[in-house]
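Undergrad: Sharing upload.cif here; it has mmCIF, C-alpha atoms and all ligand atoms.
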data_coords
#
loop_
_atom_site.label_atom_id
_atom_site.label_comp_id
_atom_site.auth_asym_id
_atom_site.auth_seq_id
_atom_site.Cartn_x
_atom_site.Cartn_y
_atom_site.Cartn_z
CA MET M 272 -48.41 -44.95 12.21
CA LEU M 273 -48.04 -43.06 15.46
CA LYS M 274 -50.88 -40.73 16.26
CA PRO M 275 -50.08 -37.50 18.13
CA ASP M 276 -51.38 -37.82 21.67
CA ILE M 277 -53.48 -34.79 22.37
CA SER M 278 -55.72 -36.48 24.91
CA ASN M 279 -54.31 -34.21 27.61
CA ALA M 280 -54.89 -31.04 25.68
CA SER M 281 -57.92 -30.09 27.71
CA SER M 282 -55.89 -30.16 30.90
CA ARG M 283 -53.83 -27.07 30.08
CA SER M 284 -56.71 -24.89 28.97
CA PRO M 285 -60.48 -24.75 29.23
CA MET M 286 -60.61 -26.09 25.65
CA GLY M 287 -62.22 -29.43 25.02
CA VAL M 288 -60.34 -32.14 23.13
CA GLU M 289 -62.23 -31.39 19.90
CA GLU M 290 -61.32 -27.70 20.05
CA ALA M 291 -57.72 -28.55 20.83
CA ARG M 292 -57.58 -30.97 17.93
CA SER M 293 -59.07 -28.36 15.66
CA LYS M 294 -56.47 -25.82 16.78
CA VAL M 295 -53.69 -28.25 15.89
CA LEU M 296 -55.17 -28.84 12.46
CA ALA M 297 -55.87 -25.16 11.89
CA GLU M 298 -52.20 -24.46 11.33
CA CYS M 299 -52.36 -26.59 8.20
CA ASP M 300 -55.80 -25.48 6.96
CA PHE M 301 -56.41 -23.73 3.70
CA ASN M 302 -57.54 -20.30 4.85
CA LEU M 303 -59.56 -19.06 1.88
CA THR M 304 -61.24 -16.26 3.79
CA ASN M 305 -60.94 -12.51 3.41
CA GLY M 306 -58.79 -11.99 6.41
CA PRO M 307 -57.24 -12.25 8.67
CA VAL M 308 -55.51 -14.46 6.15
CA ASN M 309 -52.65 -16.81 6.96
CA THR M 310 -49.65 -14.69 7.75
CA TYR M 311 -46.56 -15.38 5.67
CA PRO M 312 -43.89 -17.40 7.54
CA ALA M 313 -41.42 -14.51 7.21
CA VAL M 314 -43.97 -12.27 8.92
CA LEU M 315 -44.35 -14.78 11.75
CA ARG M 316 -40.59 -14.80 12.21
CA ALA M 317 -40.57 -11.00 12.33
CA LEU M 318 -43.32 -11.03 14.95
CA SER M 319 -41.14 -13.18 17.16
CA ARG M 320 -38.41 -10.55 17.35
CA THR M 321 -37.81 -8.94 20.72
CA VAL M 322 -40.03 -5.98 21.49
CA ILE M 323 -37.60 -3.15 21.88
CA PHE M 324 -38.14 0.07 23.81
CA ASP M 325 -39.98 2.45 21.50
CA TYR M 326 -37.68 5.40 22.31
CA ASP M 327 -34.53 3.47 21.60
CA PRO M 328 -32.98 5.52 18.77
CA SER M 329 -32.62 2.33 16.79
CA PHE M 330 -36.37 1.74 16.97
CA LYS M 331 -37.14 5.31 15.93
CA ALA M 332 -34.84 4.88 12.94
CA PHE M 333 -36.45 1.55 12.13
CA TYR M 334 -39.95 3.06 12.39
CA ALA M 335 -38.91 5.80 9.96
CA ALA M 336 -37.56 3.20 7.54
CA VAL M 337 -40.75 1.13 7.69
CA ASN M 338 -42.88 4.26 7.22
CA GLU M 339 -40.80 5.06 4.15
CA LYS M 340 -41.25 1.49 2.87
CA ALA M 341 -45.01 1.89 3.30
CA ARG M 342 -44.83 5.18 1.40
CA ARG M 343 -43.09 3.47 -1.51
CA ALA M 344 -45.51 0.54 -1.48
CA MET M 345 -48.49 2.88 -1.48
CA ARG M 346 -46.78 5.07 -4.11
CA LEU M 347 -47.39 8.29 -2.19
CA SER M 348 -45.44 11.50 -2.51
CA ASN M 349 -45.70 12.19 1.23
CA GLN M 350 -45.36 9.94 4.27
CA PRO M 351 -48.39 7.82 5.20
CA VAL M 352 -49.64 7.70 8.77
CA LEU M 353 -49.49 4.36 10.56
CA LEU M 354 -52.29 3.97 13.08
CA HIS M 355 -52.05 1.28 15.68
CA GLY M 356 -55.28 -0.58 15.28
CA GLU M 357 -57.16 -2.31 12.51
CA SER M 358 -58.19 -0.69 9.30
CA VAL M 359 -61.47 0.41 10.88
CA LEU M 360 -59.45 2.66 13.19
CA GLY M 361 -58.06 4.34 10.08
CA LEU M 362 -61.56 4.84 8.71
CA GLU M 363 -62.86 6.35 11.92
CA ALA M 364 -59.75 8.54 12.18
CA ALA M 365 -60.28 9.73 8.61
CA ALA M 366 -63.87 10.72 9.34
CA ALA M 367 -62.95 12.44 12.59
CA ALA M 368 -60.12 14.46 11.07
CA LEU M 369 -61.47 15.40 7.67
CA ILE M 370 -65.15 16.06 8.26
CA ALA M 371 -65.85 19.53 9.63
CA PRO M 372 -69.07 20.20 11.58
CA ASP M 373 -70.70 22.03 8.66
CA ASP M 374 -69.66 19.48 5.99
CA LYS M 375 -72.18 17.25 4.33
CA VAL M 376 -71.06 13.76 3.36
CA LEU M 377 -71.93 11.78 0.26
CA ASN M 378 -71.73 8.12 1.17
CA LEU M 379 -71.48 5.72 -1.77
CA VAL M 380 -73.13 2.54 -0.60
CA SER M 381 -72.40 -0.65 -2.49
CA GLY M 382 -72.47 -3.12 0.39
CA PHE M 383 -71.79 -3.72 4.06
CA PHE M 384 -68.58 -1.75 4.58
CA SER M 385 -69.75 1.36 2.76
CA LYS M 386 -73.00 1.39 4.72
CA ALA M 387 -70.98 0.99 7.93
CA PHE M 388 -69.00 4.17 7.20
CA GLU M 389 -72.15 6.06 8.09
CA HIS M 390 -71.54 5.21 11.76
CA TYR M 391 -68.32 7.22 11.75
CA ALA M 392 -69.46 9.97 9.41
CA LYS M 393 -72.67 10.84 11.20
CA ARG M 394 -70.83 11.61 14.42
CA TYR M 395 -68.90 14.44 12.73
CA CYS M 396 -70.94 15.85 9.84
CA ALA M 397 -73.90 18.10 9.19
CA GLY M 398 -75.77 15.47 7.22
CA ILE M 399 -75.37 12.43 4.99
CA THR M 400 -76.64 11.89 1.47
CA GLU M 401 -76.46 8.38 0.17
CA ILE M 402 -76.17 6.86 -3.27
CA ALA M 403 -76.97 3.19 -2.83
CA VAL M 404 -76.76 0.48 -5.47
CA PRO M 405 -77.91 -3.14 -5.14
CA PRO M 406 -75.19 -5.24 -3.50
CA ASP M 407 -74.37 -7.06 -6.75
CA GLU M 408 -73.74 -3.75 -8.54
CA THR M 409 -71.07 -1.05 -8.42
CA ILE M 410 -71.29 2.72 -8.02
CA ASP M 411 -72.04 4.64 -11.21
CA PRO M 412 -69.64 7.61 -11.55
CA ASP M 413 -72.29 9.63 -13.41
CA ALA M 414 -74.60 9.35 -10.43
CA VAL M 415 -71.82 10.76 -8.25
CA ALA M 416 -71.32 13.68 -10.62
CA LYS M 417 -75.05 14.39 -10.62
CA ALA M 418 -75.32 14.30 -6.83
CA LEU M 419 -72.35 16.62 -6.36
CA LYS M 420 -73.72 19.06 -8.90
CA ALA M 421 -77.15 19.04 -7.27
CA ASP M 422 -75.79 19.81 -3.80
CA PRO M 423 -72.57 21.84 -3.57
CA SER M 424 -72.60 21.52 0.22
CA LEU M 425 -71.46 17.89 -0.17
CA ARG M 426 -67.80 18.29 0.82
CA VAL M 427 -66.68 14.77 1.64
CA VAL M 428 -67.33 11.62 -0.41
CA ALA M 429 -66.76 8.12 0.96
CA LEU M 430 -66.12 5.07 -1.20
CA VAL M 431 -65.18 1.46 -0.56
CA HIS M 432 -62.89 0.30 -3.34
CA HIS M 433 -63.37 -3.43 -2.89
CA GLU M 434 -66.67 -4.27 -1.22
CA THR M 435 -65.35 -7.49 0.22
CA PRO M 436 -68.65 -9.15 1.24
CA CYS M 437 -69.98 -8.56 -2.30
CA GLY M 438 -66.83 -9.45 -4.25
CA THR M 439 -67.10 -6.26 -6.30
CA ILE M 440 -64.63 -3.53 -7.29
CA ASN M 441 -65.84 0.05 -7.60
CA PRO M 442 -64.50 2.37 -10.33
CA ILE M 443 -62.21 4.35 -8.06
CA ASN M 444 -60.32 6.30 -10.74
CA GLU M 445 -63.46 7.65 -12.43
CA ILE M 446 -65.06 8.56 -9.11
CA GLY M 447 -61.84 10.16 -7.88
CA ARG M 448 -61.65 12.38 -10.95
CA ILE M 449 -65.24 13.54 -10.52
CA VAL M 450 -64.87 14.28 -6.81
CA ARG M 451 -61.68 16.28 -7.41
CA GLU M 452 -63.23 18.24 -10.29
CA HIS M 453 -65.99 19.18 -7.95
CA GLY M 454 -63.54 20.36 -5.27
CA ALA M 455 -64.79 17.80 -2.74
CA TYR M 456 -62.64 15.32 -0.75
CA LEU M 457 -62.58 11.56 -1.24
CA ILE M 458 -62.08 9.02 1.56
CA VAL M 459 -61.41 5.52 0.22
CA ASP M 460 -61.49 2.25 2.10
CA ALA M 461 -59.02 0.09 0.19
CA THR M 462 -58.51 -2.35 3.06
CA SER M 463 -58.93 -5.48 1.02
CA SER M 464 -57.76 -4.38 -2.43
CA PHE M 465 -54.41 -2.75 -1.74
CA GLY M 466 -51.53 -5.10 -2.44
CA GLY M 467 -53.70 -7.44 -4.47
CA MET M 468 -54.21 -5.25 -7.52
CA ASP M 469 -53.05 -2.05 -9.10
CA VAL M 470 -54.62 0.72 -7.03
CA HIS M 471 -52.80 4.02 -6.75
CA PRO M 472 -54.11 6.56 -4.23
CA GLU M 473 -52.71 9.58 -6.04
CA ALA M 474 -53.63 8.49 -9.57
CA ALA M 475 -57.14 7.88 -8.24
CA GLN M 476 -57.09 11.36 -6.67
CA THR M 477 -58.06 10.13 -3.24
CA ASP M 478 -57.65 12.40 -0.24
CA ILE M 479 -57.58 9.82 2.50
CA PHE M 480 -56.69 6.27 1.47
CA VAL M 481 -57.05 3.66 4.18
CA THR M 482 -55.61 0.18 3.99
CA THR M 483 -53.89 -2.42 6.11
CA HIS M 484 -51.42 -5.25 5.79
CA HIS M 485 -53.41 -8.25 7.01
CA LYS M 486 -55.29 -8.88 3.81
CA CYS M 487 -53.48 -9.00 0.47
CA LEU M 488 -50.07 -8.36 2.05
CA GLY M 489 -50.20 -11.38 4.37
CA GLY M 490 -49.33 -9.49 7.56
CA ALA M 491 -50.87 -9.74 11.02
CA PRO M 492 -53.98 -7.76 12.01
CA GLY M 493 -53.66 -4.53 13.93
CA LEU M 494 -52.25 -1.73 11.77
CA ALA M 495 -53.90 0.85 9.56
CA MET M 496 -51.91 2.49 6.78
CA VAL M 497 -53.38 5.88 5.92
CA GLY M 498 -52.37 8.00 2.94
CA VAL M 499 -53.40 11.66 3.24
CA SER M 500 -53.16 14.12 0.33
CA ASP M 501 -51.60 17.55 0.87
CA ARG M 502 -54.94 19.23 0.30
CA ALA M 503 -56.56 16.92 2.87
CA TRP M 504 -53.87 17.84 5.44
CA LYS M 505 -54.73 21.50 4.83
CA LYS M 506 -58.40 20.83 5.43
CA ILE M 507 -57.67 18.74 8.52
CA LYS M 508 -55.47 21.45 10.01
CA ALA M 509 -58.21 24.02 9.42
CA ASN M 510 -60.87 21.77 10.95
CA PRO M 511 -61.54 22.88 14.54
CA SER M 512 -63.12 19.54 15.38
CA ALA M 513 -60.23 17.35 14.14
CA PRO M 514 -59.19 15.43 17.26
CA ARG M 515 -55.99 16.11 19.15
CA GLY M 516 -54.67 14.23 22.14
CA SER M 517 -56.42 11.11 20.94
CA TYR M 518 -55.35 7.67 19.81
CA ILE M 519 -57.43 8.17 16.64
CA SER M 520 -55.91 11.56 15.84
CA LEU M 521 -54.23 11.73 12.44
CA LEU M 522 -52.72 15.04 13.53
CA ASP M 523 -51.07 13.46 16.57
CA TRP M 524 -49.59 10.64 14.51
CA GLU M 525 -48.76 12.70 11.40
CA GLU M 526 -45.05 12.95 12.09
CA ALA M 527 -44.60 9.94 14.35
CA TRP M 528 -42.09 8.65 11.80
CA ARG M 529 -39.67 11.53 12.49
CA PRO M 530 -36.68 10.22 14.46
CA ASP M 531 -36.40 13.55 16.35
CA LEU M 532 -39.99 13.50 17.65
CA ARG M 533 -41.66 11.52 20.40
CA PHE M 534 -44.46 9.08 19.65
CA PRO M 535 -47.82 10.46 20.80
CA PHE M 536 -48.67 7.03 22.25
CA THR M 537 -46.87 3.72 22.36
CA PRO M 538 -46.76 2.16 18.91
CA ILE M 539 -47.42 -1.57 18.57
CA VAL M 540 -43.79 -2.51 18.11
CA SER M 541 -44.37 -6.10 17.00
CA LEU M 542 -46.65 -4.99 14.22
CA ILE M 543 -44.05 -2.64 12.85
CA ASN M 544 -41.87 -5.75 12.53
CA SER M 545 -44.77 -7.51 10.83
CA LEU M 546 -45.32 -4.65 8.38
CA ASP M 547 -41.62 -4.46 7.61
CA ALA M 548 -41.50 -8.16 6.73
CA ALA M 549 -44.71 -8.06 4.70
CA LEU M 550 -43.48 -5.08 2.68
CA ASP M 551 -40.13 -6.75 2.05
CA LEU M 552 -41.96 -9.76 0.63
CA TYR M 553 -44.10 -7.45 -1.52
CA PHE M 554 -41.05 -5.70 -2.97
CA ASP M 555 -38.97 -8.87 -3.31
CA GLU M 556 -41.67 -10.63 -5.31
CA GLY M 557 -42.46 -7.40 -7.16
CA PRO M 558 -45.80 -5.61 -6.87
CA GLU M 559 -46.80 -6.47 -10.45
CA ALA M 560 -46.09 -10.15 -9.89
CA VAL M 561 -48.11 -10.04 -6.67
CA TRP M 562 -51.08 -8.43 -8.45
CA LYS M 563 -50.83 -10.99 -11.23
CA ARG M 564 -50.79 -13.85 -8.73
CA HIS M 565 -54.00 -12.53 -7.17
CA ALA M 566 -55.58 -12.08 -10.61
CA VAL M 567 -54.72 -15.61 -11.71
CA ALA M 568 -55.88 -17.20 -8.44
CA GLY M 569 -59.17 -15.33 -8.56
CA ARG M 570 -59.81 -16.07 -12.22
CA ALA M 571 -58.89 -19.75 -11.85
CA PHE M 572 -61.32 -20.15 -8.97
CA GLN M 573 -64.05 -18.17 -10.68
CA GLN M 574 -63.78 -20.13 -13.93
CA GLY M 575 -63.69 -23.35 -11.90
CA VAL M 576 -66.93 -22.73 -10.04
CA LYS M 577 -68.65 -21.46 -13.18
CA ALA M 578 -67.66 -24.66 -15.01
CA MET M 579 -69.48 -26.56 -12.26
CA GLY M 580 -72.69 -24.71 -13.08
CA LEU M 581 -72.52 -22.26 -10.18
CA GLU M 582 -73.32 -18.60 -10.56
CA LEU M 583 -71.20 -15.71 -9.37
CA TRP M 584 -72.90 -13.01 -7.28
CA PRO M 585 -71.75 -9.79 -9.06
CA ALA M 586 -74.14 -8.72 -11.81
CA LYS M 587 -71.40 -8.00 -14.31
CA GLU M 588 -68.09 -9.62 -15.15
CA SER M 589 -66.26 -6.27 -15.11
CA ALA M 590 -67.05 -5.82 -11.41
CA LEU M 591 -65.44 -9.08 -10.25
CA ALA M 592 -62.75 -8.64 -7.64
CA PRO M 593 -59.59 -10.65 -8.25
CA MET M 594 -59.12 -11.30 -4.55
CA THR M 595 -62.65 -12.35 -3.61
CA THR M 596 -65.17 -14.68 -5.23
CA THR M 597 -68.78 -14.52 -4.17
CA ILE M 598 -70.97 -17.40 -5.30
CA LYS M 599 -74.76 -17.50 -5.23
CA LEU M 600 -75.90 -20.36 -3.02
CA PRO M 601 -77.81 -23.01 -4.97
CA SER M 602 -81.39 -23.21 -3.74
CA GLY M 603 -81.80 -25.23 -0.57
CA ILE M 604 -78.12 -24.90 0.40
CA SER M 605 -77.32 -22.92 3.55
CA ASP M 606 -74.02 -21.09 3.77
CA THR M 607 -73.45 -22.31 7.31
CA GLU M 608 -73.87 -25.95 6.34
CA LEU M 609 -71.81 -25.61 3.19
CA ARG M 610 -68.94 -23.87 4.95
CA ALA M 611 -69.00 -26.43 7.76
CA ALA M 612 -68.97 -29.31 5.25
CA MET M 613 -66.06 -27.81 3.30
CA HIS M 614 -64.14 -27.28 6.47
CA ARG M 615 -64.89 -30.63 8.09
CA ARG M 616 -63.85 -32.79 5.17
CA TYR M 617 -61.41 -30.63 3.21
CA ARG M 618 -60.05 -28.28 5.88
CA VAL M 619 -60.84 -25.34 3.64
CA HIS M 620 -62.05 -22.24 5.47
CA THR M 621 -64.30 -19.83 3.63
CA ALA M 622 -66.34 -16.80 4.63
CA ALA M 623 -70.03 -16.01 4.55
CA GLY M 624 -71.87 -12.98 3.23
CA THR M 625 -72.25 -9.93 5.49
CA GLY M 626 -74.95 -7.27 5.54
CA PRO M 627 -76.98 -7.45 2.33
CA THR M 628 -75.22 -10.61 1.15
CA ALA M 629 -75.70 -12.49 4.44
CA GLY M 630 -77.21 -15.92 3.84
CA LYS M 631 -77.11 -15.49 0.08
CA ILE M 632 -73.56 -16.31 -0.90
CA LEU M 633 -70.43 -18.30 -0.25
CA ARG M 634 -67.41 -15.99 -0.09
CA VAL M 635 -63.94 -17.17 -0.95
CA GLY M 636 -60.79 -15.10 -0.58
CA HIS M 637 -57.69 -15.20 -2.74
CA MET M 638 -55.32 -13.11 -0.68
CA ALA M 639 -51.61 -13.26 0.11
CA GLN M 640 -50.80 -16.94 0.73
CA SER M 641 -54.15 -18.10 -0.61
CA ALA M 642 -53.58 -16.21 -3.87
CA GLN M 643 -51.69 -19.25 -5.12
CA PRO M 644 -52.78 -21.41 -8.05
CA LEU M 645 -53.24 -24.62 -6.10
CA HIS M 646 -55.23 -22.92 -3.36
CA SER M 647 -57.79 -22.11 -6.03
CA VAL M 648 -57.85 -25.75 -7.16
CA ALA M 649 -58.27 -26.85 -3.55
CA GLY M 650 -61.07 -24.33 -3.18
CA VAL M 651 -62.91 -25.59 -6.26
CA THR M 652 -62.56 -29.16 -5.04
CA ALA M 653 -63.87 -28.29 -1.59
CA VAL M 654 -66.85 -26.38 -3.01
CA ALA M 655 -67.77 -29.42 -5.14
CA GLY M 656 -67.19 -31.82 -2.26
CA GLY M 657 -69.09 -29.70 0.24
CA LEU M 658 -72.05 -29.30 -2.08
CA GLY M 659 -71.98 -33.05 -2.74
CA MET M 660 -72.15 -33.74 0.99
CA LEU M 661 -75.32 -31.64 1.09
CA GLY M 662 -76.87 -33.54 -1.81
CA HIS M 663 -76.13 -31.01 -4.57
CA LYS M 664 -73.92 -32.84 -7.06
CA VAL M 665 -71.65 -30.83 -9.37
CA ASP M 666 -68.99 -31.91 -11.85
CA VAL M 667 -65.77 -31.54 -9.85
CA ALA M 668 -63.62 -32.66 -12.79
CA ALA M 669 -65.00 -29.89 -15.00
CA GLY M 670 -64.33 -27.38 -12.23
CA VAL M 671 -60.75 -28.48 -11.67
CA ALA M 672 -60.06 -28.61 -15.42
CA ALA M 673 -61.33 -25.05 -15.87
CA ALA M 674 -59.24 -23.78 -12.96
CA VAL M 675 -56.13 -25.55 -14.21
CA ALA M 676 -56.68 -24.16 -17.71
CA VAL M 677 -56.55 -20.60 -16.32
CA ILE M 678 -53.39 -21.39 -14.35
CA ASP M 679 -51.72 -22.97 -17.39
CA ALA M 680 -52.58 -20.03 -19.63
CA ALA M 681 -51.24 -17.44 -17.18
C1 LIG R 701 -61.66 -6.30 6.24
C2 LIG R 701 -62.25 -5.01 5.85
C3 LIG R 701 -62.37 -3.97 6.77
C4 LIG R 701 -62.03 -4.14 8.22
O1 LIG R 701 -60.69 -4.15 8.36
P1 LIG R 701 -60.04 -4.69 9.71
O2 LIG R 701 -58.64 -4.25 9.63
O3 LIG R 701 -60.18 -6.18 9.64
O4 LIG R 701 -60.80 -4.08 10.81
C5 LIG R 701 -62.85 -2.76 6.33
N1 LIG R 701 -63.20 -2.58 5.03
C6 LIG R 701 -63.11 -3.55 4.13
C7 LIG R 701 -63.49 -3.27 2.71
C8 LIG R 701 -62.62 -4.81 4.50
O5 LIG R 701 -62.52 -5.81 3.61
#
Before we go any further, please render this structure as structure tokens.
Ligand SMILES: *Cc1c(COP(=O)(O)O)cnc(C)c1O
TA:
Amino acid sequence: MLKPDISNASSRSPMGVEEARSKVLAECDFNLTNGPVNTYPAVLRALSRTVIFDYDPSFKAFYAAVNEKARRAMRLSNQPVLLHGESVLGLEAAAAALIAPDDKVLNLVSGFFSKAFEHYAKRYCAGITEIAVPPDETIDPDAVAKALKADPSLRVVALVHHETPCGTINPINEIGRIVREHGAYLIVDATSSFGGMDVHPEAAQTDIFVTTHHKCLGGAPGLAMVGVSDRAWKKIKANPSAPRGSYISLLDWEEAWRPDLRFPFTPIVSLINSLDAALDLYFDEGPEAVWKRHAVAGRAFQQGVKAMGLELWPAKESALAPMTTTIKLPSGISDTELRAAMHRRYRVHTAAGTGPTAGKILRVGHMAQSAQPLHSVAGVTAVAGGLGMLGHKVDVAAGVAAAVAVIDAA
């Protein structure tokens, strides 16, 4: 058999031969991380379209159409705001716009991303109160109700729907109802859950709902999709410290979709193509089918690893995220070594813990392309193989059988 000759690869870049080889292989790897995930081929084709002048009337019309598609996907009654940076830009923009200088913020901390919101919030607010749960637990809605009752000056509540590095899902609908009853405003980070399960910003009574398309929707990184409730727009417009003349200004971008208005700054044209393609795939497959695919992939993988005697990180079954599995590391196994072993032999990429789960778990994503039945089987196989390479033998056949049983029953 002919082997591809990549011996010259190092001559066209500073990369060594090993790195070059690894880049070649990477295109065929199983990316079972939490994003960026492998972009769908249709998205890649869309990204290769010519970058057209942003004030070409045809681009303005296209932008409006994509904004409307995003509105329908997010099931909003008003137009979402597209911000031209990652999801974290959306989160910072939400904090900057919504939080007034005399507002106090209730931050619901269930892991790394919720704790990180403090960085944005503290720049704009009068003080932060925190409800923190252990990183294998989820936020208790009753605790939220109690905190809001105890301190009426808490005006803004921040929640992460899917705490990705923990593999947990917080009870967004219950918390949304409580926050609204109290007259406060809810900012939700749904970066990694939207598109992979049924989450509805308005049914959950969120005021600012931040997500993106490079996780469960299989798009490319670099866009934030931000849903803002009518009452939140009112508060933002009355907030003297809400930024204007800024790339992170929700107010500047609010009506960027209108064909008759100028863009406040240059939009990232290629990513509008990416979002358009990703949303078309979402609608063509059907949102419910997409959610089901994520649910089956997650459950198949989770049952597979459990059948091999491994333990999941979340304390209770009801908190398990369909699109992320977090596994407790068996004693004596390091996440770095395990991930390297899985990658070296099986070409399966996984993620590590972050923040409070760092060093304690193996994290496996089931998102977009990787939310496919056989990706879960490949994942189970690689976990068993990787552990075996490190001297921790598990029953790979039992794992695969359990995963296949879930797929067959779906
Ligand atoms: C991935 C992730 C982010 C960061 O999003 P980027 O667009 O990658 O910056 C924020 N919050 C959560 C819950 C995430 O999973």
Undergrad: Could you pull out the residues sitting within 8 Å of ligand LIG 701 (chain R), using only C-alpha atoms and all ligand atoms, and write them as number ranges by chain?
TA: M: 305-307, 356-360, 384-385, 431-436, 460-464, 482-483, 485-486, 492-495
Undergrad: Which residues are close to range 614-630 of chain M, i.e. within 6 Å by only C-alpha atoms, leaving aside same-chain residues fewer than 2 positions away? Reply as an NGL selection string.
TA: :M and (300-304 or 383 or 436 or 611-612 or 632-635 or 653)
Undergrad: For range 350-354 of chain M, work out the shell of residues within 7 Å, counting all atoms listed in the file and skipping chain neighbours fewer than 6 positions away, then give it as a PDB file with C-alpha atoms, in the coordinates of the input.
TA:
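Ended up saving to part-v7.pdb:
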ATOM      1  CA  ASN M 338     -42.880   4.260   7.220  1.00  0.00           C
ATOM      2  CA  GLU M 339     -40.800   5.060   4.150  1.00  0.00           C
ATOM      3  CA  ARG M 342     -44.830   5.180   1.400  1.00  0.00           C
ATOM      4  CA  GLY M 361     -58.060   4.340  10.080  1.00  0.00           C
ATOM      5  CA  LEU M 494     -52.250  -1.730  11.770  1.00  0.00           C
ATOM      6  CA  ALA M 495     -53.900   0.850   9.560  1.00  0.00           C
ATOM      7  CA  MET M 496     -51.910   2.490   6.780  1.00  0.00           C
ATOM      8  CA  VAL M 497     -53.380   5.880   5.920  1.00  0.00           C
ATOM      9  CA  GLY M 498     -52.370   8.000   2.940  1.00  0.00           C
ATOM     10  CA  VAL M 499     -53.400  11.660   3.240  1.00  0.00           C
ATOM     11  CA  TRP M 524     -49.590  10.640  14.510  1.00  0.00           C
ATOM     12  CA  GLU M 525     -48.760  12.700  11.400  1.00  0.00           C
TER      13      GLU M 525
END
Undergrad: Restricting the calculation to all atoms listed in the file: of M:Val470, M:Ile402, M:Ala491, M:Ile410, which residue gets closest to Pro312 in chain M?
TA: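 Of all the options, M:Ala491 lies closest to Pro312 in chain M.
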Undergrad: Within 10 Å of Ala549 in chain M, counting all atoms listed in the file, which residues show up once you throw out same-chain ones fewer than 5 positions away? Write them as number ranges by chain, please.
TA: M: 310-315, 317, 484-485, 487-491, 543-544, 554-555, 639
Undergrad: Export C-alpha atoms of the chosen residues as a PDB file, in the coordinates of the input?
TA:
ATOM      1  CA  THR M 310     -49.650 -14.690   7.750  1.00  0.00           C
ATOM      2  CA  TYR M 311     -46.560 -15.380   5.670  1.00  0.00           C
ATOM      3  CA  PRO M 312     -43.890 -17.400   7.540  1.00  0.00           C
ATOM      4  CA  ALA M 313     -41.420 -14.510   7.210  1.00  0.00           C
ATOM      5  CA  VAL M 314     -43.970 -12.270   8.920  1.00  0.00           C
ATOM      6  CA  LEU M 315     -44.350 -14.780  11.750  1.00  0.00           C
ATOM      7  CA  ALA M 317     -40.570 -11.000  12.330  1.00  0.00           C
ATOM      8  CA  HIS M 484     -51.420  -5.250   5.790  1.00  0.00           C
ATOM      9  CA  HIS M 485     -53.410  -8.250   7.010  1.00  0.00           C
ATOM     10  CA  CYS M 487     -53.480  -9.000   0.470  1.00  0.00           C
ATOM     11  CA  LEU M 488     -50.070  -8.360   2.050  1.00  0.00           C
ATOM     12  CA  GLY M 489     -50.200 -11.380   4.370  1.00  0.00           C
ATOM     13  CA  GLY M 490     -49.330  -9.490   7.560  1.00  0.00           C
ATOM     14  CA  ALA M 491     -50.870  -9.740  11.020  1.00  0.00           C
ATOM     15  CA  ILE M 543     -44.050  -2.640  12.850  1.00  0.00           C
ATOM     16  CA  ASN M 544     -41.870  -5.750  12.530  1.00  0.00           C
ATOM     17  CA  PHE M 554     -41.050  -5.700  -2.970  1.00  0.00           C
ATOM     18  CA  ASP M 555     -38.970  -8.870  -3.310  1.00  0.00           C
ATOM     19  CA  ALA M 639     -51.610 -13.260   0.110  1.00  0.00           C
TER      20      ALA M 639
END
Undergrad: With all atoms listed in the file as the basis for distance, which of M:Cys437, M:Leu550, M:Ala387, M:Ala513 is at the shortest distance from Ile598 in chain M?
TA: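 Looking at the shortest contact to Ile598 in chain M, the residue is M:Cys437.
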Undergrad: Between range 488-576 of chain M and range 672-678 of chain M, at 10 Å or less, what are the per-residue closest atom pairs and their distances in Å? Count all atoms listed in the file, order by chain and rising residue number, and return it as JSON lines.
TA:
{"residue": "M:Arg564", "atom": "CA", "partner": "M:Ile678", "partner_atom": "CA", "distance": 9.8}
{"residue": "M:Val567", "atom": "CA", "partner": "M:Ile678", "partner_atom": "CA", "distance": 6.5}
{"residue": "M:Ala568", "atom": "CA", "partner": "M:Ile678", "partner_atom": "CA", "distance": 7.7}
{"residue": "M:Gly569", "atom": "CA", "partner": "M:Ala674", "partner_atom": "CA", "distance": 9.5}
{"residue": "M:Arg570", "atom": "CA", "partner": "M:Val677", "partner_atom": "CA", "distance": 6.9}
{"residue": "M:Ala571", "atom": "CA", "partner": "M:Ala674", "partner_atom": "CA", "distance": 4.2}
{"residue": "M:Phe572", "atom": "CA", "partner": "M:Ala674", "partner_atom": "CA", "distance": 5.8}
{"residue": "M:Gln573", "atom": "CA", "partner": "M:Ala674", "partner_atom": "CA", "distance": 7.7}
{"residue": "M:Gln574", "atom": "CA", "partner": "M:Ala673", "partner_atom": "CA", "distance": 5.8}
{"residue": "M:Gly575", "atom": "CA", "partner": "M:Ala674", "partner_atom": "CA", "distance": 4.6}
{"residue": "M:Val576", "atom": "CA", "partner": "M:Ala674", "partner_atom": "CA", "distance": 8.3}
Undergrad: Just the residues within 9 Å of Arg451 in chain M, please, counting all atoms listed in the file, with nothing from its chain fewer than 6 positions along; format it as a CSV table (one decimal) with C-alpha atoms, keeping the file's coordinate frame.
TA:
chain,number,residue,atom,x,y,z
M,457,LEU,CA,-62.6,11.6,-1.2
M,476,GLN,CA,-57.1,11.4,-6.7
M,477,THR,CA,-58.1,10.1,-3.2
Undergrad: CA of Ala364 in chain M to CA of Ser520 in chain M: how many Å, to one decimal?
TA: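 Pair CA of Ala364 in chain M / CA of Ser520 in chain M returns 6.1 Å.
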Undergrad: For each of M:Ala335, M:Ala681, M:Ala429, M:Ala455, take the minimum atom-to-atom distance to Phe534 in chain M, counting all atoms listed in the file, then give the residue where this is smallest.
TA: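 Checking each candidate against Phe534 in chain M, we get M:Ala335 as the closest.
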